[in-house]
Amino acid sequence: MLKTIIIKELQNNLYSLRFHISFLLCIVIFAVGTIAFLKNHDTKMQEYSKYQAQFKNQLKETAESNAGLLAVNKRAFIWRPRANTFISDCKDKYFPNRFNYSAYNVFGFEVGRGGTNPFLSTFQELNWSFIVSVILSFAVLLLTFDTISGEKETGALALVLSNSIPRAALLLGKYISAIITTMVITIFGMLLSILIFLFSHKVAFTSAMLMEALGFLLLVFLFVSCTAAIGILSSVIAHKSNISLLISLTFWLVFVVVIPSTAIFWANKIFSIEHIDAVNEKIRSAHEDLNKNAPPGSWSAQVGNPFFPAHKLRADLQTKRNDAEMTIRNAYYKDMFSQLERTRFLTLVSPVALFDYANEAIVGGGYARFRNVWADLHRYQGQFLEFFKTLDAADPDSPHWYNPNEYYSTTRKPVAFEQVPVFEEKPLSLAERISFLRNYLVVIIFYIAAVFSLTFVLFLGYDVR
Amino acid sequence: MIWKIAKKEFLLNLVSARFIIGFLLCLFLIPFTVTVNIDDYDSRMRVYHVDKANAENSFNNVRVYSYLRPEVVKPPQPLSIFCRGISGNVGNRVKIWLGDKPLFATGKAAIRDNPLLNSFFSIDFVGIIAIVMSLLALIFTYDACTREKEEGTLKLQLSNSLGRYKILLGKVLGVYLTILPIVLFCYILSTILILHSPNISFSAGEWGRIILLFFASLLYFTVFIFIGLLISARLKFSITSIIVCLFFWVFFVFIVPNLAVYMAESLKKVQSYDNLQYVLQDLDKEYRKKCSEYSDALEQPNWGSFWNYFGGSDGSLLIGCTSKAQMERHRKLHEYTEPLRIDYANKKWAIQKAYLDSLESQRSFAETISLVSPSEVFRLVCTSLCCTGVGGHYRFMDRTQHYRNEFIDFFKNKKIFSSFIYFTPVPAEEFLTAEEITRILDNKGSLPGSNIEKYPYLDLSDVPRFQRRSSNVLTDVKDAVGKLATMVIVSIVLFYLSFLSFTRYDVR
C-alpha cells in the first residue's frame with residue numbers, strides 16, 4: 001500500500017510545474033555556481049601562492065640574518081582557500097581567518113581583508129549548501145504545502161480515506177515521495193556540478209572530496225526530511241491550501257531570514273561579553289602595574305651588547321607583561337568562543353542554521369576549521385619555541401635571557417631556513433569531524449521526529465470533509 | 001466603476017488570511033528589526049564618542065610635531081538604522097599619516113567586539129521591506145485574474161459593458177489600497193520607535209530622506225504588483241500563478257543579490273590585500289634604504305647617547321636629550337626624510353589607487369548584474385538616500401585626502417620638517433655640547449629633556465582641522481535618480497504588458 005502511495009505521489013510531483021521550475025532553477029544554479037567557483041578558486045589560489053612565496057621569502061631573509069628576530073617577529077597565518085568550497089564555503093571569508101603568532105605566543109585572530117571587497121555587500125556563495133538551504137528548502141515547502149489541505153479542497157482526501165488506507169501510510173507515503181523528489185533534484189545537480197568539475201581540469205576532484213560529497217548528500221537527506229515534515233505540518237494545520245502556503249512561507253522566512261539574521265542581536269543581549277575597550281584597559285592597567293613594580297633599569301637597553309646586565313631585567317619585565325596580557329586575552333577569547341557556541345545553540349531552532357553548522361564538519365570549514373587551526377597553532381608555537389631555545393642554547397654569544405618582544409638578549413646567529421619549522425594547516429581528521437557533527441545530527445534527527453510526530457498527531461484528528 | 005472594483009478588491013483582501021498573516025509578519029518583523037538597528041546604532045554611537053575623545057586627546061597632547069597624526073572619526077549615519085549599506089564593512093576612522101594616503105577607514109565599525117560573530121549576517125529595515133513587501137505584493141496579485149476566472153465571476157463581469165482596463169485598474173488600485181496601509185504602518189511604527197529612542201535625533205533633512213525612502217518603497221512594491229499582475233494575466237490557474245510568482249520572488253530577492261556579487265568576485269580579478277601590502281613594503285624598504293644612505297652621508301658626531309628617545313616606523317620621534325651635534329644631525333635628517341616620505345606616499349598611492357580601482361570595477365560589475373532584480377535596485381536607491389552606499393564613502397575618503405594635503409601644506413609652509421620642534425620639545429638654546437653633558441653627568445646633575453613632562457604641549461590652534469560636511473540631499477538623490485527612473489520605466493512596461501495580456505485573456 002505504502003509503495004503504491006509513494007509511486008502515485010512521485011508521479012504527481014514529477015509532473016508538476018513546481019518540480020519542473022525547481023529542477024530547472026537548481027540545475028542552472030548548480031552549473032553557474034560550479035563554473036563561478038572554478039574561476040574564483042583559480043584566482044584565489046594564484047593570490048594565495050603569491051602570498052605564500054612572499055611570506056616564505058621574508059621568513060628566509062629573517063632566518064638567515066638573525067634567529068632571535070625570527071623568534072620575536074609577529075607573523076600572520078592565513079587560511080588557504082579550500083578546494084571544496086563548491087560544497088559549502090561555511091562563510092570562511094567572514095570568519096576570523098588570520099592568526100597572529102610568534103615563537104612566544106599565539107596573539108589572536110582577526111577577519112583578514114584578504115581578497116574580500118569591502119564595497120560589496122555580504123553575500124553567500126552559490127555553492128551546494130546555498131542551493132540546498134535556500135532554493136531547495138523553498139522548493140520542498142512548495143511541494144508539500146498542499147499535500148493534505150490541497151487534497152481536502154479537491155475532495156480527493158475524503159475519497160482516498162474512504163478506502164481502507166491507514167492515515168499513517170498515506171502521510172508517510174506523501175512524506176517519502178516529497179523527500180525522494182527533492183533528492184532527485186539534488187543528486188542531478190550534484191552530478192552536473194561534479195561533471196563540470198571533472199571536465200574543467202582546473203581543480204582535482206579527489207577521493208576525499210567524493211567522501212565529503214557523500215557526507216553532504218546524507219546531510220541533505222536529513223535536512224530535506226526536516227523541511228518536508230515542516231511543509232506537511234503547515235498542510236495539516238490549515239484546512240485551505242492558500243493558508244497552508246502562507247504558513248509555509250512564514251516558516252521559511254523565519255528559518256532562512258529571521259533566525260540567522262537576528263543571531264547577533266541575541267548574542268549581544270543574552271550572551272553579552274566584555275567590550276574590547278574594557279579588555280584593553282585591563283591589559284593597559286596590568287602593564288602599568290608591572291612597569292611600576294619593575295626594578296630600575298628594566299627599560300634600559302644596549303642593542304650592540306647582548307650581555308648588558310639590564311637586559312635580564314628587561315627580558316623579565318617583557319615576559320611578565322606578555323604573560324599578563326595573554327592571560328587576559330585568553331580569558332577573553334574563551335568568552336568569545338562561548339558566546340558564539342551559545343548563540344549557535346540558540347539558532348538551532350532553524351533547520352537552515354543547523355544544516356549550515358553541520359556542513360562545517362562535513363567540509364572542514366567555518367568554526368570547526370577555526371578551532372582546529374587555533375589548537376594546532378598553539379601546539380606549533382610550543383614546538384617553535386623549543387626549536388629556538390635549542391638553537392639559543394648552542395650559542396655561546398647568547399646570555400639566554402628570553403624576551404618575547406625583543407632579540408637583544410638571545411642568539412642573533414643565522415639559521416638555515418630549511419631547519420625552521422613552518423606551520424602547515426592540517427585538515428580536520430575524521431574523528432574530529434564526527435565529534436563536531438555528532439551533536440548537530442542528534443538535534444536534526446530529534447527535530448525530524450518531533451515535527452513528523454506532531455504532523456501525524458494532527459493528521460489523525462484532521463477533518464477530511 | 002474603477003473605484004467600485006477597487007473597493008471590492010480592498011474589502012476582499014482585508015478579510016483574507018493573507019492580509020492578516022502579512023500584517024502580523026510586519027507587526028513582528030518591523031519593530032524587531034528597527035529595535036535591533038537602533039541598538040546597533042547606539043553602540044556605534046558609543047564607540048564614536050570614545051574614538052572621538054581619544055582622537056582629540058592624542059591630537060592635543062603632543063609635544064613635538066612628529067607625533068602629530070590627526071585622526072578623523074566619522075559619526076555613524078543616523079539613517080543607517082533604516083539601511084546599513086556598506087557602513088558595516090568600512091571603518092569609521094582615518095588616521096592622517098605622512099607616509100600613506102588614506103586608503104581604507106579603520107576602526108570598530110568594521111569589526112565587532114567578537115569577530116567570530118561576523119559569520120552571522122544581519123538584516124536592516126530596508127532588507128525586511130524588500131523581502132516582505134515584495135512577497136505581499138505577489139501574494140495579493142497572483143490570483144488577480146486567475147481566481148475570478150476559476151470562480152467564474154470574471155466572465156460575469158465582462159459580460160457587462162465594462163472595459164477590461166477598468167477591471168485591471170480597479171484591481172491594481174485595490175491591491176494598492178491594501179498594501180499601502182501596511183507600508184505606512186511599517187514606517188509610522190519605525191518613526192515612533194525612533195522618536196522614543198533618547199539617543200537619536202533626526203534633522204529635517206533626514207526626515208525628508210525618510211519620506212523619500214517611503215516613496216521608493218511604494219515604487220518598489222508597485223513593480224512587484226505589476227509582476228504578479230502580469231503572471232496572473234498570462235496563466236490560467238491560481239496554483240500555477242502562485243508557484244511562478246514565488247519562484248520569481250526567490251530569484252529576485254534571494255538568488256540575484258548573491259549571484260551578482262559571486263559572479264563579480266569570480267569574473268573580476270582583484271589582488272589580495274595581503275599581497276598589496278608586500279608590494280608597498282618593497283617601496284618602504286626602498287625609502288628606508290635612501291634614508292639610511294643619506295644618514296650615512298651625514299657627519300656622524302662622536303656622541304651617541306640619548307635620553308628619552310622614543311619613535312616609530314611612521315616617522316614619529318621624540319628626543320629628550322642628546323648632544324647639540326646629534327640634534328642638528330637629526331634635524332638635517334628629517335629635513336630630507338619627511339618630504340621624501342611624502343613623495344613615497346604618492347608613489348605608493350599609484351599602486352593603491354590601481355587596487356581601489358579594481359575593487360570599484362568589481363563592485364560596479366556586481367551592481368550591473370544586480371540591476372536585474374528590483375529588490376537590489378531598491379536597496380541601491382535606499383543606500384544612496386541613507387548615505388550608507390559607496391558614493392558617500394568615496395566622498396568621505398576624498399575629503400580626508402584633501403585634509404591630508406592641507407595638513408602637509410601647513411607643515412611645509414611653516415618649515416616644520418626642518419625645525420627642531422619636529423622631534424624635540426627642548427628649545428634649541430638649551431641644547432648641550434657633548435662636553436657639557438659629560439660635565440653635568442659627572443656632577444650628577446639633571447639634563448635638559450630628562451623630564452619630558454615639564455615641557456608644554458604644542459599650541460596647535462593654527463593647525464588645519466578636518467571639516468565635517470553633512471551630505472547633500474541633492475547629491476544623494478542624484479545618485480539614486482537613475483535607478484528610480486529604471487523602476488518607474490519597468491513598472492510602466494510591466495503594466496502595459498499586463499494590460500495587453502489581460503485584453504487577450506481567455507475568461508472562459
# chains A, B, ... in the order shown; residues from 1 in each chain; ligands from 1
$ residues_around --residues "region 381-397 of chain A" --least-positions-apart "6" --cutoff "9 Å" --atoms "only C-alpha atoms" --output "NGL selection string"
:A and (67-68 or 70-71 or 101-106 or 306-307 or 410-413 or 415 or 420-423)
$ residues_around --residues "region 353-369 of chain A" --least-positions-apart "6" --cutoff "6 Å" --atoms "only C-alpha atoms" --output "ChimeraX atom specification"
/A:90,92,212,428,433,437,440
$ closest_atom_pairs --of "region 95-204 of chain B" --to "region 357-375 of chain B" --cutoff "9 Å" --atoms "only C-alpha atoms" --output "Markdown table"
| residue | atom | partner | partner_atom | distance |
| --- | --- | --- | --- | --- |
| B:Gly127 | CA | B:Ser375 | CA | 8.7 |
| B:Ala130 | CA | B:Ser375 | CA | 5.7 |
| B:Ile131 | CA | B:Ser375 | CA | 7.9 |
| B:Ser134 | CA | B:Ser375 | CA | 8.0 |
$ closest_atom_pairs --of "chain A" --to "chain B" --cutoff "7 Å" --atoms "only C-alpha atoms" --output "JSON lines"
{"residue": "A:Arg18", "atom": "CA", "partner": "B:Ile243", "partner_atom": "CA", "distance": 6.3}
{"residue": "A:Ala36", "atom": "CA", "partner": "B:Ser266", "partner_atom": "CA", "distance": 5.5}
{"residue": "A:Phe37", "atom": "CA", "partner": "B:Ser266", "partner_atom": "CA", "distance": 6.9}
{"residue": "A:Lys39", "atom": "CA", "partner": "B:Ser266", "partner_atom": "CA", "distance": 5.6}
{"residue": "A:Asn40", "atom": "CA", "partner": "B:Ser266", "partner_atom": "CA", "distance": 4.2}
{"residue": "A:Thr43", "atom": "CA", "partner": "B:Lys269", "partner_atom": "CA", "distance": 6.8}
{"residue": "A:Glu47", "atom": "CA", "partner": "B:Ser272", "partner_atom": "CA", "distance": 6.1}
{"residue": "A:Tyr51", "atom": "CA", "partner": "B:Asn275", "partner_atom": "CA", "distance": 5.7}
{"residue": "A:Lys91", "atom": "CA", "partner": "B:Ser119", "partner_atom": "CA", "distance": 6.1}
{"residue": "A:Tyr94", "atom": "CA", "partner": "B:Ser119", "partner_atom": "CA", "distance": 5.4}
{"residue": "A:Phe95", "atom": "CA", "partner": "B:Ser119", "partner_atom": "CA", "distance": 5.6}
{"residue": "A:Pro96", "atom": "CA", "partner": "B:Pro115", "partner_atom": "CA", "distance": 6.2}
{"residue": "A:Glu110", "atom": "CA", "partner": "B:Pro115", "partner_atom": "CA", "distance": 6.5}
{"residue": "A:Val111", "atom": "CA", "partner": "B:Pro115", "partner_atom": "CA", "distance": 6.7}
{"residue": "A:Arg113", "atom": "CA", "partner": "B:Tyr273", "partner_atom": "CA", "distance": 6.3}
{"residue": "A:Gly114", "atom": "CA", "partner": "B:Tyr273", "partner_atom": "CA", "distance": 5.0}
{"residue": "A:Gly115", "atom": "CA", "partner": "B:Ser272", "partner_atom": "CA", "distance": 4.3}
{"residue": "A:Asn117", "atom": "CA", "partner": "B:Leu359", "partner_atom": "CA", "distance": 6.1}
{"residue": "A:Pro118", "atom": "CA", "partner": "B:Asn89", "partner_atom": "CA", "distance": 5.3}
{"residue": "A:Phe119", "atom": "CA", "partner": "B:Ile86", "partner_atom": "CA", "distance": 6.2}
{"residue": "A:Leu120", "atom": "CA", "partner": "B:Arg363", "partner_atom": "CA", "distance": 5.9}
{"residue": "A:Ser121", "atom": "CA", "partner": "B:Ile86", "partner_atom": "CA", "distance": 6.3}
{"residue": "A:Phe123", "atom": "CA", "partner": "B:Asn258", "partner_atom": "CA", "distance": 5.3}
{"residue": "A:Gln124", "atom": "CA", "partner": "B:Asn258", "partner_atom": "CA", "distance": 5.7}
{"residue": "A:Glu125", "atom": "CA", "partner": "B:Tyr262", "partner_atom": "CA", "distance": 5.9}
{"residue": "A:Leu126", "atom": "CA", "partner": "B:Leu259", "partner_atom": "CA", "distance": 6.6}
{"residue": "A:Ile243", "atom": "CA", "partner": "B:Ala17", "partner_atom": "CA", "distance": 6.6}
{"residue": "A:Leu246", "atom": "CA", "partner": "B:Arg18", "partner_atom": "CA", "distance": 6.9}
{"residue": "A:Pro260", "atom": "CA", "partner": "B:Phe120", "partner_atom": "CA", "distance": 6.5}
{"residue": "A:Ser261", "atom": "CA", "partner": "B:Ser122", "partner_atom": "CA", "distance": 4.2}
{"residue": "A:Thr262", "atom": "CA", "partner": "B:Ser122", "partner_atom": "CA", "distance": 6.2}
{"residue": "A:Ala263", "atom": "CA", "partner": "B:Phe120", "partner_atom": "CA", "distance": 6.5}
{"residue": "A:Ile264", "atom": "CA", "partner": "B:Phe120", "partner_atom": "CA", "distance": 6.6}
{"residue": "A:Phe265", "atom": "CA", "partner": "B:Val36", "partner_atom": "CA", "distance": 6.4}
{"residue": "A:His275", "atom": "CA", "partner": "B:Asp113", "partner_atom": "CA", "distance": 6.1}
{"residue": "A:Ile276", "atom": "CA", "partner": "B:Asp113", "partner_atom": "CA", "distance": 5.7}
{"residue": "A:Met336", "atom": "CA", "partner": "B:Asn114", "partner_atom": "CA", "distance": 5.9}
{"residue": "A:Leu340", "atom": "CA", "partner": "B:Leu117", "partner_atom": "CA", "distance": 6.5}
$ residues_around --residues "Ser338 (chain A)" --least-positions-apart "4" --cutoff "12 Å" --atoms "only C-alpha atoms" --output "list in words"
Ala267, Phe271, Ser272, Ile273, Ala331, Tyr332, Tyr333, Lys334, Arg342, Thr343, Arg344 and Phe345 of chain A; Asn114, Leu116 and Leu117 of chain B
$ residues_around --residues "region 173-187 of chain A" --least-positions-apart "6" --cutoff "8 Å" --atoms "only C-alpha atoms" --output "list in words"
Leu2, Lys3, Ile5, Ile6, Ile7, Glu9, Leu10, Asn13, Leu14, Phe19, Ser22, Phe23, Cys26, Ile27, Val132, Leu136, Ala139, Val140, Leu143, Thr144, Thr147, Leu217, Val220, Phe221, Val224, Ser225, Ala228, Ala229 and Ile232 of chain A
$ write_last_selection --atoms "N, CA and C atoms" --output "CSV table (one decimal), in the first residue's frame"
chain,number,residue,atom,x,y,z
A,2,LEU,N,1.8,1.2,0.9
A,2,LEU,CA,2.7,2.4,1.0
A,2,LEU,C,3.4,2.7,-0.3
A,3,LYS,N,3.9,1.6,-0.9
A,3,LYS,CA,4.6,1.7,-2.2
A,3,LYS,C,3.7,2.3,-3.2
A,5,ILE,N,1.2,4.3,-2.8
A,5,ILE,CA,1.0,5.8,-2.5
A,5,ILE,C,2.3,6.6,-2.9
A,6,ILE,N,3.4,6.0,-2.6
A,6,ILE,CA,4.7,6.7,-2.9
A,6,ILE,C,4.8,6.9,-4.4
A,7,ILE,N,4.5,5.8,-5.2
A,7,ILE,CA,4.6,5.9,-6.6
A,7,ILE,C,3.6,6.9,-7.2
A,9,GLU,N,2.3,9.5,-5.6
A,9,GLU,CA,2.7,10.8,-5.2
A,9,GLU,C,3.9,11.3,-6.0
A,10,LEU,N,4.8,10.3,-6.3
A,10,LEU,CA,6.0,10.7,-7.0
A,10,LEU,C,5.7,11.1,-8.5
A,13,ASN,N,4.2,14.5,-8.3
A,13,ASN,CA,5.3,15.5,-8.1
A,13,ASN,C,6.1,15.8,-9.3
A,14,LEU,N,6.5,14.6,-9.9
A,14,LEU,CA,7.5,14.8,-11.1
A,14,LEU,C,6.8,15.5,-12.3
A,19,PHE,N,7.8,21.2,-9.6
A,19,PHE,CA,9.0,20.3,-9.7
A,19,PHE,C,9.9,20.8,-10.9
A,22,SER,N,11.6,24.1,-10.0
A,22,SER,CA,12.6,23.9,-9.0
A,22,SER,C,13.8,23.2,-9.7
A,23,PHE,N,13.5,22.2,-10.5
A,23,PHE,CA,14.6,21.4,-11.1
A,23,PHE,C,15.4,22.3,-12.0
A,26,CYS,N,17.4,24.9,-9.9
A,26,CYS,CA,18.5,24.3,-9.2
A,26,CYS,C,19.6,23.9,-10.1
A,27,ILE,N,19.3,23.3,-11.2
A,27,ILE,CA,20.3,22.8,-12.1
A,27,ILE,C,21.1,24.0,-12.7
A,132,VAL,N,20.9,24.2,-1.5
A,132,VAL,CA,20.0,23.3,-0.7
A,132,VAL,C,19.3,24.1,0.4
A,136,LEU,N,16.3,24.8,-2.4
A,136,LEU,CA,15.7,23.5,-2.3
A,136,LEU,C,14.7,23.5,-1.1
A,139,ALA,N,11.7,24.9,-2.3
A,139,ALA,CA,11.1,24.0,-3.3
A,139,ALA,C,10.3,22.9,-2.5
A,140,VAL,N,11.0,22.4,-1.4
A,140,VAL,CA,10.3,21.3,-0.6
A,140,VAL,C,9.0,21.9,0.0
A,143,LEU,N,6.5,22.0,-2.6
A,143,LEU,CA,6.0,20.7,-3.0
A,143,LEU,C,5.0,20.1,-1.9
A,144,THR,N,5.2,20.5,-0.7
A,144,THR,CA,4.4,19.9,0.4
A,144,THR,C,3.3,20.7,1.0
A,147,THR,N,-0.1,19.3,0.5
A,147,THR,CA,-0.2,17.8,0.5
A,147,THR,C,-1.5,17.3,1.0
A,217,LEU,N,25.5,14.7,1.0
A,217,LEU,CA,24.3,14.1,0.5
A,217,LEU,C,23.4,13.5,1.6
A,220,VAL,N,22.0,16.4,3.4
A,220,VAL,CA,20.8,16.9,2.6
A,220,VAL,C,19.6,16.1,2.9
A,221,PHE,N,19.8,14.8,2.9
A,221,PHE,CA,18.7,13.9,3.1
A,221,PHE,C,18.0,14.2,4.5
A,224,VAL,N,16.3,17.8,4.2
A,224,VAL,CA,15.1,17.7,3.3
A,224,VAL,C,14.0,17.0,4.1
A,225,SER,N,14.3,16.0,4.9
A,225,SER,CA,13.3,15.3,5.7
A,225,SER,C,12.7,16.2,6.7
A,228,ALA,N,10.6,18.9,4.7
A,228,ALA,CA,9.4,18.3,4.2
A,228,ALA,C,8.4,18.1,5.4
A,229,ALA,N,8.9,17.7,6.5
A,229,ALA,CA,8.0,17.5,7.7
A,229,ALA,C,7.3,18.8,8.1
A,232,ILE,N,4.6,19.6,5.5
A,232,ILE,CA,3.4,18.8,5.7
A,232,ILE,C,2.7,19.3,6.9
$ select_by_dssp --residues "region 311-451 of chain A" --states "alpha helix (DSSP H)" --output "PyMOL selection string"
chain A and resi 311-346+351-363+366-393+430-451
$ residues_around --residues "region 319-336 of chain B" --least-positions-apart "4" --cutoff "8 Å" --atoms "only C-alpha atoms" --output "VMD selection string"
chain B and resid 291 294 to 295 298 to 301 303 to 310 340 417 to 420 423 to 426 431 to 434 437 447 to 452
$ residues_around --residues "Leu169 (chain B)" --least-positions-apart "3" --cutoff "12 Å" --atoms "only C-alpha atoms" --output "list of chain:residue names"
B:Met1, B:Ile2, B:Trp3, B:Lys4, B:Ile5, B:Ala6, B:Lys7, B:Glu9, B:Ala144, B:Leu162, B:Gly163, B:Arg164, B:Tyr165, B:Lys166, B:Val172, B:Leu173, B:Gly174, B:Val175, B:Tyr176, B:Ile225, B:Phe226, B:Leu229, B:Phe495, B:Tyr496, B:Ser498, B:Phe499, B:Phe502
$ write_last_selection --atoms "C-alpha atoms" --output "PDB file, in the first residue's frame"
ATOM      1  CA  MET B   1     -16.620  51.901 -11.730  1.00  0.00           C
ATOM      2  CA  ILE B   2     -12.880  51.598 -11.221  1.00  0.00           C
ATOM      3  CA  TRP B   3     -13.345  52.814  -7.684  1.00  0.00           C
ATOM      4  CA  LYS B   4     -16.093  50.245  -7.040  1.00  0.00           C
ATOM      5  CA  ILE B   5     -13.885  47.399  -8.220  1.00  0.00           C
ATOM      6  CA  ALA B   6     -11.008  48.748  -6.144  1.00  0.00           C
ATOM      7  CA  LYS B   7     -13.225  48.938  -3.086  1.00  0.00           C
ATOM      8  CA  GLU B   9     -10.895  44.107  -4.015  1.00  0.00           C
ATOM      9  CA  ALA B 144      -5.976  38.869  -9.618  1.00  0.00           C
ATOM     10  CA  LEU B 162     -17.240  47.011 -18.558  1.00  0.00           C
ATOM     11  CA  GLY B 163     -13.870  47.844 -20.118  1.00  0.00           C
ATOM     12  CA  ARG B 164     -11.103  45.370 -19.327  1.00  0.00           C
ATOM     13  CA  TYR B 165      -8.762  48.235 -18.498  1.00  0.00           C
ATOM     14  CA  LYS B 166     -11.226  49.353 -15.831  1.00  0.00           C
ATOM     15  CA  VAL B 172      -4.365  47.417  -9.080  1.00  0.00           C
ATOM     16  CA  LEU B 173      -5.950  50.164  -7.032  1.00  0.00           C
ATOM     17  CA  GLY B 174      -7.470  47.575  -4.689  1.00  0.00           C
ATOM     18  CA  VAL B 175      -4.104  45.933  -4.054  1.00  0.00           C
ATOM     19  CA  TYR B 176      -2.565  49.369  -3.585  1.00  0.00           C
ATOM     20  CA  ILE B 225       2.344  44.270  -8.016  1.00  0.00           C
ATOM     21  CA  PHE B 226       2.767  44.508 -11.775  1.00  0.00           C
ATOM     22  CA  LEU B 229      -0.468  41.010 -12.275  1.00  0.00           C
ATOM     23  CA  PHE B 495       1.685  47.353 -16.526  1.00  0.00           C
ATOM     24  CA  TYR B 496       1.486  47.716 -20.278  1.00  0.00           C
ATOM     25  CA  SER B 498      -0.240  43.087 -18.080  1.00  0.00           C
ATOM     26  CA  PHE B 499      -2.823  45.194 -19.856  1.00  0.00           C
ATOM     27  CA  PHE B 502      -5.435  40.872 -19.902  1.00  0.00           C
TER      28      PHE B 502
END
$ residues_around --residues "Phe19 (chain B)" --least-positions-apart "3" --cutoff "9 Å" --atoms "only C-alpha atoms" --output "list in words"
Asn13, Leu14, Val15, Ser16, Gly22, Phe23, Leu24, Leu136, Phe140, Thr178 and Ile179 of chain B
